Amino acid sequence: MTQAPRRKRDSAATKEALLNAASELFTERGFSATTVRDVAARAGANQALLFRYFGSKQELFAAVLTRNSEQVVAELSAEELPRQLLLSLIDSAQPNGEHPLVAMLRSWSDERAAEMLRGELGARYTERLAELTDADDAMLRADLVLAWVFGIGMVRSVLGKSPLAEADPDDIVRYVSRAASAILERTDLSGDR
């Protein structure tokens with residue numbers, strides 16, 4: 001009897017599958033109702049691998065929330081960040097049909113998840129946006145812009161409120177960039193140079 005050839009292990013592919021499965025489940029169920037067993041099953045991976053790669057459900061949740069934001073913050077200049085963040089939050093074309101903000105909302109009732117949302121995600125963006133002003137209250141100004149941008153994403157993509165839900169993304173970005181420029185004391189964040 002010949003034995004089937006062993007499948008080559010691909011840790012990067014397994015980690016990505018776990019992140020994708022976790023993203024889908026956190027969006028569908030929220031943090032509290034999602035189990036690591038369900039994530040591993042959806043990813044077609046062993047639950048032990050989830051713990052090896054991420055350590056805990058909390059760390060997996062943090063990885064899901066920050067995997068794109070870390071790259072965005074690292075690759076974009078501070079001037080480009082408000083525009084790109086806004087574009088990502090108003091884009092409702094998500095692979096699983098729901099917006100990432102829905103996962104945040106579903107998970108907000110769990111205190112550990114809420115703390116990660118406040119700390120991990122918000123701090124990176126706030127610090128980067130604060131680079132756009134020399135004002136003494138730079139962090140407050142950055143938080144105002146961040147809150148506004150998240151609110152716009154919520155009203156458009158989650159609530160689907162008209163006329164914002166049907167508005168041209170370029171128009172939204174243009175108007176918001178003008179106002180954000182005033183708050184952050186920059187002359188133009190719109191990219192229309």
# chains A, B, ... in the order shown; residues from 1 in each chain; ligands from 1

call {"tool": "residues_around", "arguments": {"residues": "A:Phe150", "least_positions_apart": "3", "cutoff": "10 Å", "atoms": "only C-alpha atoms", "output": "count of residues only"}}
result
13

call {"tool": "select_by_dssp", "arguments": {"residues": "stretch 11-185 of chain A", "states": "helix (DSSP H, G or I)", "output": "PyMOL selection string"}}
result
chain A and resi 11-29+36-43+47-54+57-75+81-90+100-107+111-130+138-158+164-166+169-184

call {"tool": "residues_around", "arguments": {"residues": "A:Leu87", "least_positions_apart": "6", "cutoff": "10 Å", "atoms": "only C-alpha atoms", "output": "ChimeraX atom specification"}}
result
/A:81,149,153,169-170,172-173

call {"tool": "closest_residue", "arguments": {"among": "A:Glu166, A:Ala78, A:Ser88, A:Ser23", "to": "A:Arg128", "atoms": "only C-alpha atoms"}}
result
A:Ala78

call {"tool": "residues_around", "arguments": {"residues": "A:Arg141", "least_positions_apart": "2", "cutoff": "8 Å", "atoms": "only C-alpha atoms", "output": "NGL selection string"}}
result
:A and (130 or 137-139 or 143-145 or 183-184)

call {"tool": "write_last_selection", "arguments": {"atoms": "all heavy atoms", "output": "PDB file, in the first residue's frame"}}
result
ATOM      1  N   ALA A 130      -1.642  63.374  13.421  1.00  0.00           N
ATOM      2  CA  ALA A 130      -1.124  64.496  14.217  1.00  0.00           C
ATOM      3  C   ALA A 130       0.131  65.110  13.600  1.00  0.00           C
ATOM      4  O   ALA A 130       0.464  66.265  13.885  1.00  0.00           O
ATOM      5  CB  ALA A 130      -0.849  64.043  15.644  1.00  0.00           C
ATOM      6  N   ASP A 137      -2.554  71.303  20.236  1.00  0.00           N
ATOM      7  CA  ASP A 137      -3.576  70.263  20.429  1.00  0.00           C
ATOM      8  C   ASP A 137      -3.647  69.320  19.226  1.00  0.00           C
ATOM      9  O   ASP A 137      -4.713  68.899  18.805  1.00  0.00           O
ATOM     10  CB  ASP A 137      -4.927  70.894  20.719  1.00  0.00           C
ATOM     11  CG  ASP A 137      -5.403  71.816  19.598  1.00  0.00           C
ATOM     12  OD1 ASP A 137      -4.627  72.082  18.645  1.00  0.00           O
ATOM     13  OD2 ASP A 137      -6.558  72.278  19.669  1.00  0.00           O
ATOM     14  N   ALA A 138      -2.488  68.942  18.709  1.00  0.00           N
ATOM     15  CA  ALA A 138      -2.403  68.106  17.503  1.00  0.00           C
ATOM     16  C   ALA A 138      -3.152  66.785  17.661  1.00  0.00           C
ATOM     17  O   ALA A 138      -3.843  66.347  16.729  1.00  0.00           O
ATOM     18  CB  ALA A 138      -0.936  67.843  17.162  1.00  0.00           C
ATOM     19  N   MET A 139      -3.050  66.157  18.812  1.00  0.00           N
ATOM     20  CA  MET A 139      -3.713  64.861  19.002  1.00  0.00           C
ATOM     21  C   MET A 139      -5.235  65.018  18.993  1.00  0.00           C
ATOM     22  O   MET A 139      -5.932  64.171  18.444  1.00  0.00           O
ATOM     23  CB  MET A 139      -3.245  64.195  20.299  1.00  0.00           C
ATOM     24  CG  MET A 139      -1.760  63.824  20.283  1.00  0.00           C
ATOM     25  SD  MET A 139      -1.312  62.633  18.989  1.00  0.00           S
ATOM     26  CE  MET A 139      -1.797  61.122  19.785  1.00  0.00           C
ATOM     27  N   ASP A 143      -7.678  63.293  16.328  1.00  0.00           N
ATOM     28  CA  ASP A 143      -8.818  62.472  16.755  1.00  0.00           C
ATOM     29  C   ASP A 143     -10.130  62.971  16.160  1.00  0.00           C
ATOM     30  O   ASP A 143     -11.006  62.170  15.822  1.00  0.00           O
ATOM     31  CB  ASP A 143      -8.929  62.453  18.286  1.00  0.00           C
ATOM     32  CG  ASP A 143      -8.345  61.200  18.901  1.00  0.00           C
ATOM     33  OD1 ASP A 143      -7.914  60.298  18.157  1.00  0.00           O
ATOM     34  OD2 ASP A 143      -8.330  61.113  20.145  1.00  0.00           O
ATOM     35  N   LEU A 144     -10.282  64.272  16.030  1.00  0.00           N
ATOM     36  CA  LEU A 144     -11.490  64.825  15.416  1.00  0.00           C
ATOM     37  C   LEU A 144     -11.622  64.368  13.962  1.00  0.00           C
ATOM     38  O   LEU A 144     -12.699  63.956  13.522  1.00  0.00           O
ATOM     39  CB  LEU A 144     -11.491  66.354  15.487  1.00  0.00           C
ATOM     40  CG  LEU A 144     -11.761  66.958  16.859  1.00  0.00           C
ATOM     41  CD1 LEU A 144     -11.471  68.455  16.849  1.00  0.00           C
ATOM     42  CD2 LEU A 144     -13.195  66.694  17.286  1.00  0.00           C
ATOM     43  N   VAL A 145     -10.526  64.437  13.231  1.00  0.00           N
ATOM     44  CA  VAL A 145     -10.549  64.003  11.828  1.00  0.00           C
ATOM     45  C   VAL A 145     -10.829  62.504  11.755  1.00  0.00           C
ATOM     46  O   VAL A 145     -11.660  62.052  10.962  1.00  0.00           O
ATOM     47  CB  VAL A 145      -9.232  64.366  11.109  1.00  0.00           C
ATOM     48  CG1 VAL A 145      -9.151  63.708   9.737  1.00  0.00           C
ATOM     49  CG2 VAL A 145      -9.101  65.882  10.986  1.00  0.00           C
ATOM     50  N   ILE A 183      -8.896  71.752   9.717  1.00  0.00           N
ATOM     51  CA  ILE A 183      -8.721  71.296  11.098  1.00  0.00           C
ATOM     52  C   ILE A 183      -7.253  71.025  11.399  1.00  0.00           C
ATOM     53  O   ILE A 183      -6.749  71.388  12.455  1.00  0.00           O
ATOM     54  CB  ILE A 183      -9.560  70.023  11.363  1.00  0.00           C
ATOM     55  CG1 ILE A 183     -11.051  70.343  11.286  1.00  0.00           C
ATOM     56  CG2 ILE A 183      -9.216  69.417  12.728  1.00  0.00           C
ATOM     57  CD1 ILE A 183     -11.945  69.110  11.268  1.00  0.00           C
ATOM     58  N   LEU A 184      -6.574  70.417  10.453  1.00  0.00           N
ATOM     59  CA  LEU A 184      -5.173  70.051  10.663  1.00  0.00           C
ATOM     60  C   LEU A 184      -4.204  71.152  10.235  1.00  0.00           C
ATOM     61  O   LEU A 184      -2.994  70.985  10.342  1.00  0.00           O
ATOM     62  CB  LEU A 184      -4.859  68.754   9.919  1.00  0.00           C
ATOM     63  CG  LEU A 184      -5.623  67.527  10.423  1.00  0.00           C
ATOM     64  CD1 LEU A 184      -5.457  66.376   9.456  1.00  0.00           C
ATOM     65  CD2 LEU A 184      -5.162  67.141  11.810  1.00  0.00           C
TER      66      LEU A 184
END

call {"tool": "atom_distance", "arguments": {"atom1": "atom CA of A:Val72", "atom2": "atom CA of A:Ser177"}}
result
17.7 Å

call {"tool": "decode", "arguments": {"residues": "stretch 147-162 of chain A", "atoms": "all heavy atoms", "output": "mmCIF file, in the first residue's frame"}}
result
data_model
loop_
_atom_site.group_PDB
_atom_site.id
_atom_site.type_symbol
_atom_site.label_atom_id
_atom_site.label_comp_id
_atom_site.auth_asym_id
_atom_site.auth_seq_id
_atom_site.Cartn_x
_atom_site.Cartn_y
_atom_site.Cartn_z
ATOM 1 N N ALA A 147 -12.390 60.578 13.953
ATOM 2 C CA ALA A 147 -13.789 60.310 14.336
ATOM 3 C C ALA A 147 -14.738 60.688 13.202
ATOM 4 O O ALA A 147 -15.702 59.968 12.919
ATOM 5 C CB ALA A 147 -14.134 61.078 15.608
ATOM 6 N N TRP A 148 -14.462 61.789 12.559
ATOM 7 C CA TRP A 148 -15.319 62.243 11.470
ATOM 8 C C TRP A 148 -15.281 61.253 10.306
ATOM 9 O O TRP A 148 -16.311 60.862 9.757
ATOM 10 C CB TRP A 148 -14.884 63.632 11.033
ATOM 11 C CG TRP A 148 -15.800 64.308 10.083
ATOM 12 C CD1 TRP A 148 -17.159 64.185 10.003
ATOM 13 C CD2 TRP A 148 -15.433 65.222 9.061
ATOM 14 N NE1 TRP A 148 -17.655 64.975 8.996
ATOM 15 C CE2 TRP A 148 -16.608 65.627 8.403
ATOM 16 C CE3 TRP A 148 -14.226 65.753 8.639
ATOM 17 C CZ2 TRP A 148 -16.604 66.522 7.347
ATOM 18 C CZ3 TRP A 148 -14.216 66.654 7.606
ATOM 19 C CH2 TRP A 148 -15.405 67.035 6.961
ATOM 20 N N VAL A 149 -14.088 60.823 9.948
ATOM 21 C CA VAL A 149 -13.931 59.894 8.831
ATOM 22 C C VAL A 149 -14.624 58.561 9.142
ATOM 23 O O VAL A 149 -15.331 58.011 8.300
ATOM 24 C CB VAL A 149 -12.428 59.704 8.505
ATOM 25 C CG1 VAL A 149 -12.197 58.523 7.590
ATOM 26 C CG2 VAL A 149 -11.867 60.979 7.884
ATOM 27 N N PHE A 150 -14.444 58.046 10.366
ATOM 28 C CA PHE A 150 -15.129 56.797 10.743
ATOM 29 C C PHE A 150 -16.638 56.995 10.744
ATOM 30 O O PHE A 150 -17.384 56.109 10.330
ATOM 31 C CB PHE A 150 -14.645 56.289 12.104
ATOM 32 C CG PHE A 150 -13.468 55.361 11.998
ATOM 33 C CD1 PHE A 150 -12.168 55.861 12.023
ATOM 34 C CD2 PHE A 150 -13.650 54.006 11.851
ATOM 35 C CE1 PHE A 150 -11.083 55.015 11.915
ATOM 36 C CE2 PHE A 150 -12.567 53.148 11.733
ATOM 37 C CZ PHE A 150 -11.274 53.652 11.770
ATOM 38 N N GLY A 151 -17.088 58.144 11.207
ATOM 39 C CA GLY A 151 -18.526 58.435 11.199
ATOM 40 C C GLY A 151 -19.091 58.478 9.793
ATOM 41 O O GLY A 151 -20.188 57.967 9.537
ATOM 42 N N ILE A 152 -18.359 59.072 8.878
ATOM 43 C CA ILE A 152 -18.801 59.116 7.479
ATOM 44 C C ILE A 152 -18.892 57.699 6.920
ATOM 45 O O ILE A 152 -19.868 57.338 6.253
ATOM 46 C CB ILE A 152 -17.849 59.996 6.634
ATOM 47 C CG1 ILE A 152 -18.006 61.459 7.046
ATOM 48 C CG2 ILE A 152 -18.112 59.806 5.143
ATOM 49 C CD1 ILE A 152 -16.912 62.368 6.515
ATOM 50 N N GLY A 153 -17.881 56.876 7.208
ATOM 51 C CA GLY A 153 -17.921 55.482 6.764
ATOM 52 C C GLY A 153 -19.123 54.750 7.335
ATOM 53 O O GLY A 153 -19.790 53.977 6.643
ATOM 54 N N MET A 154 -19.430 55.015 8.594
ATOM 55 C CA MET A 154 -20.569 54.370 9.243
ATOM 56 C C MET A 154 -21.893 54.777 8.596
ATOM 57 O O MET A 154 -22.718 53.926 8.259
ATOM 58 C CB MET A 154 -20.577 54.765 10.729
ATOM 59 C CG MET A 154 -21.689 54.151 11.512
ATOM 60 S SD MET A 154 -21.407 52.420 11.823
ATOM 61 C CE MET A 154 -19.926 52.499 12.781
ATOM 62 N N VAL A 155 -22.093 56.077 8.414
ATOM 63 C CA VAL A 155 -23.356 56.570 7.861
ATOM 64 C C VAL A 155 -23.542 56.095 6.426
ATOM 65 O O VAL A 155 -24.627 55.691 6.024
ATOM 66 C CB VAL A 155 -23.436 58.107 7.968
ATOM 67 C CG1 VAL A 155 -24.635 58.654 7.219
ATOM 68 C CG2 VAL A 155 -23.496 58.532 9.434
ATOM 69 N N ARG A 156 -22.466 56.092 5.661
ATOM 70 C CA ARG A 156 -22.578 55.684 4.254
ATOM 71 C C ARG A 156 -22.659 54.171 4.090
ATOM 72 O O ARG A 156 -23.567 53.653 3.454
ATOM 73 C CB ARG A 156 -21.385 56.220 3.460
ATOM 74 C CG ARG A 156 -21.388 55.754 2.008
ATOM 75 C CD ARG A 156 -20.135 56.217 1.303
ATOM 76 N NE ARG A 156 -19.922 55.562 0.042
ATOM 77 C CZ ARG A 156 -20.277 56.045 -1.146
ATOM 78 N NH1 ARG A 156 -20.896 57.202 -1.234
ATOM 79 N NH2 ARG A 156 -20.002 55.382 -2.248
ATOM 80 N N SER A 157 -21.690 53.462 4.667
ATOM 81 C CA SER A 157 -21.530 52.045 4.355
ATOM 82 C C SER A 157 -22.309 51.103 5.248
ATOM 83 O O SER A 157 -22.679 50.017 4.815
ATOM 84 C CB SER A 157 -20.048 51.676 4.406
ATOM 85 O OG SER A 157 -19.331 52.460 3.481
ATOM 86 N N VAL A 158 -22.549 51.477 6.490
ATOM 87 C CA VAL A 158 -23.270 50.593 7.395
ATOM 88 C C VAL A 158 -24.749 50.958 7.449
ATOM 89 O O VAL A 158 -25.615 50.114 7.274
ATOM 90 C CB VAL A 158 -22.648 50.612 8.806
ATOM 91 C CG1 VAL A 158 -23.445 49.743 9.761
ATOM 92 C CG2 VAL A 158 -21.197 50.140 8.750
ATOM 93 N N LEU A 159 -25.033 52.239 7.655
ATOM 94 C CA LEU A 159 -26.428 52.675 7.729
ATOM 95 C C LEU A 159 -27.057 52.855 6.352
ATOM 96 O O LEU A 159 -28.275 52.773 6.210
ATOM 97 C CB LEU A 159 -26.538 53.980 8.516
ATOM 98 C CG LEU A 159 -26.034 53.940 9.963
ATOM 99 C CD1 LEU A 159 -26.172 55.305 10.604
ATOM 100 C CD2 LEU A 159 -26.751 52.878 10.762
ATOM 101 N N GLY A 160 -26.240 53.145 5.337
ATOM 102 C CA GLY A 160 -26.741 53.325 3.979
ATOM 103 C C GLY A 160 -27.656 54.530 3.833
ATOM 104 O O GLY A 160 -28.591 54.523 3.039
ATOM 105 N N LYS A 161 -27.381 55.591 4.596
ATOM 106 C CA LYS A 161 -28.235 56.775 4.597
ATOM 107 C C LYS A 161 -28.030 57.608 3.330
ATOM 108 O O LYS A 161 -26.924 57.903 2.944
ATOM 109 C CB LYS A 161 -27.960 57.636 5.822
ATOM 110 C CG LYS A 161 -28.916 58.806 5.914
ATOM 111 C CD LYS A 161 -28.523 59.731 7.026
ATOM 112 C CE LYS A 161 -29.404 60.960 7.032
ATOM 113 N NZ LYS A 161 -29.348 61.724 5.798
ATOM 114 N N SER A 162 -29.150 57.974 2.721
ATOM 115 C CA SER A 162 -29.129 58.846 1.539
ATOM 116 C C SER A 162 -29.082 60.299 1.999
ATOM 117 O O SER A 162 -29.612 60.628 3.051
ATOM 118 C CB SER A 162 -30.400 58.638 0.710
ATOM 119 O OG SER A 162 -30.407 57.347 0.175
#
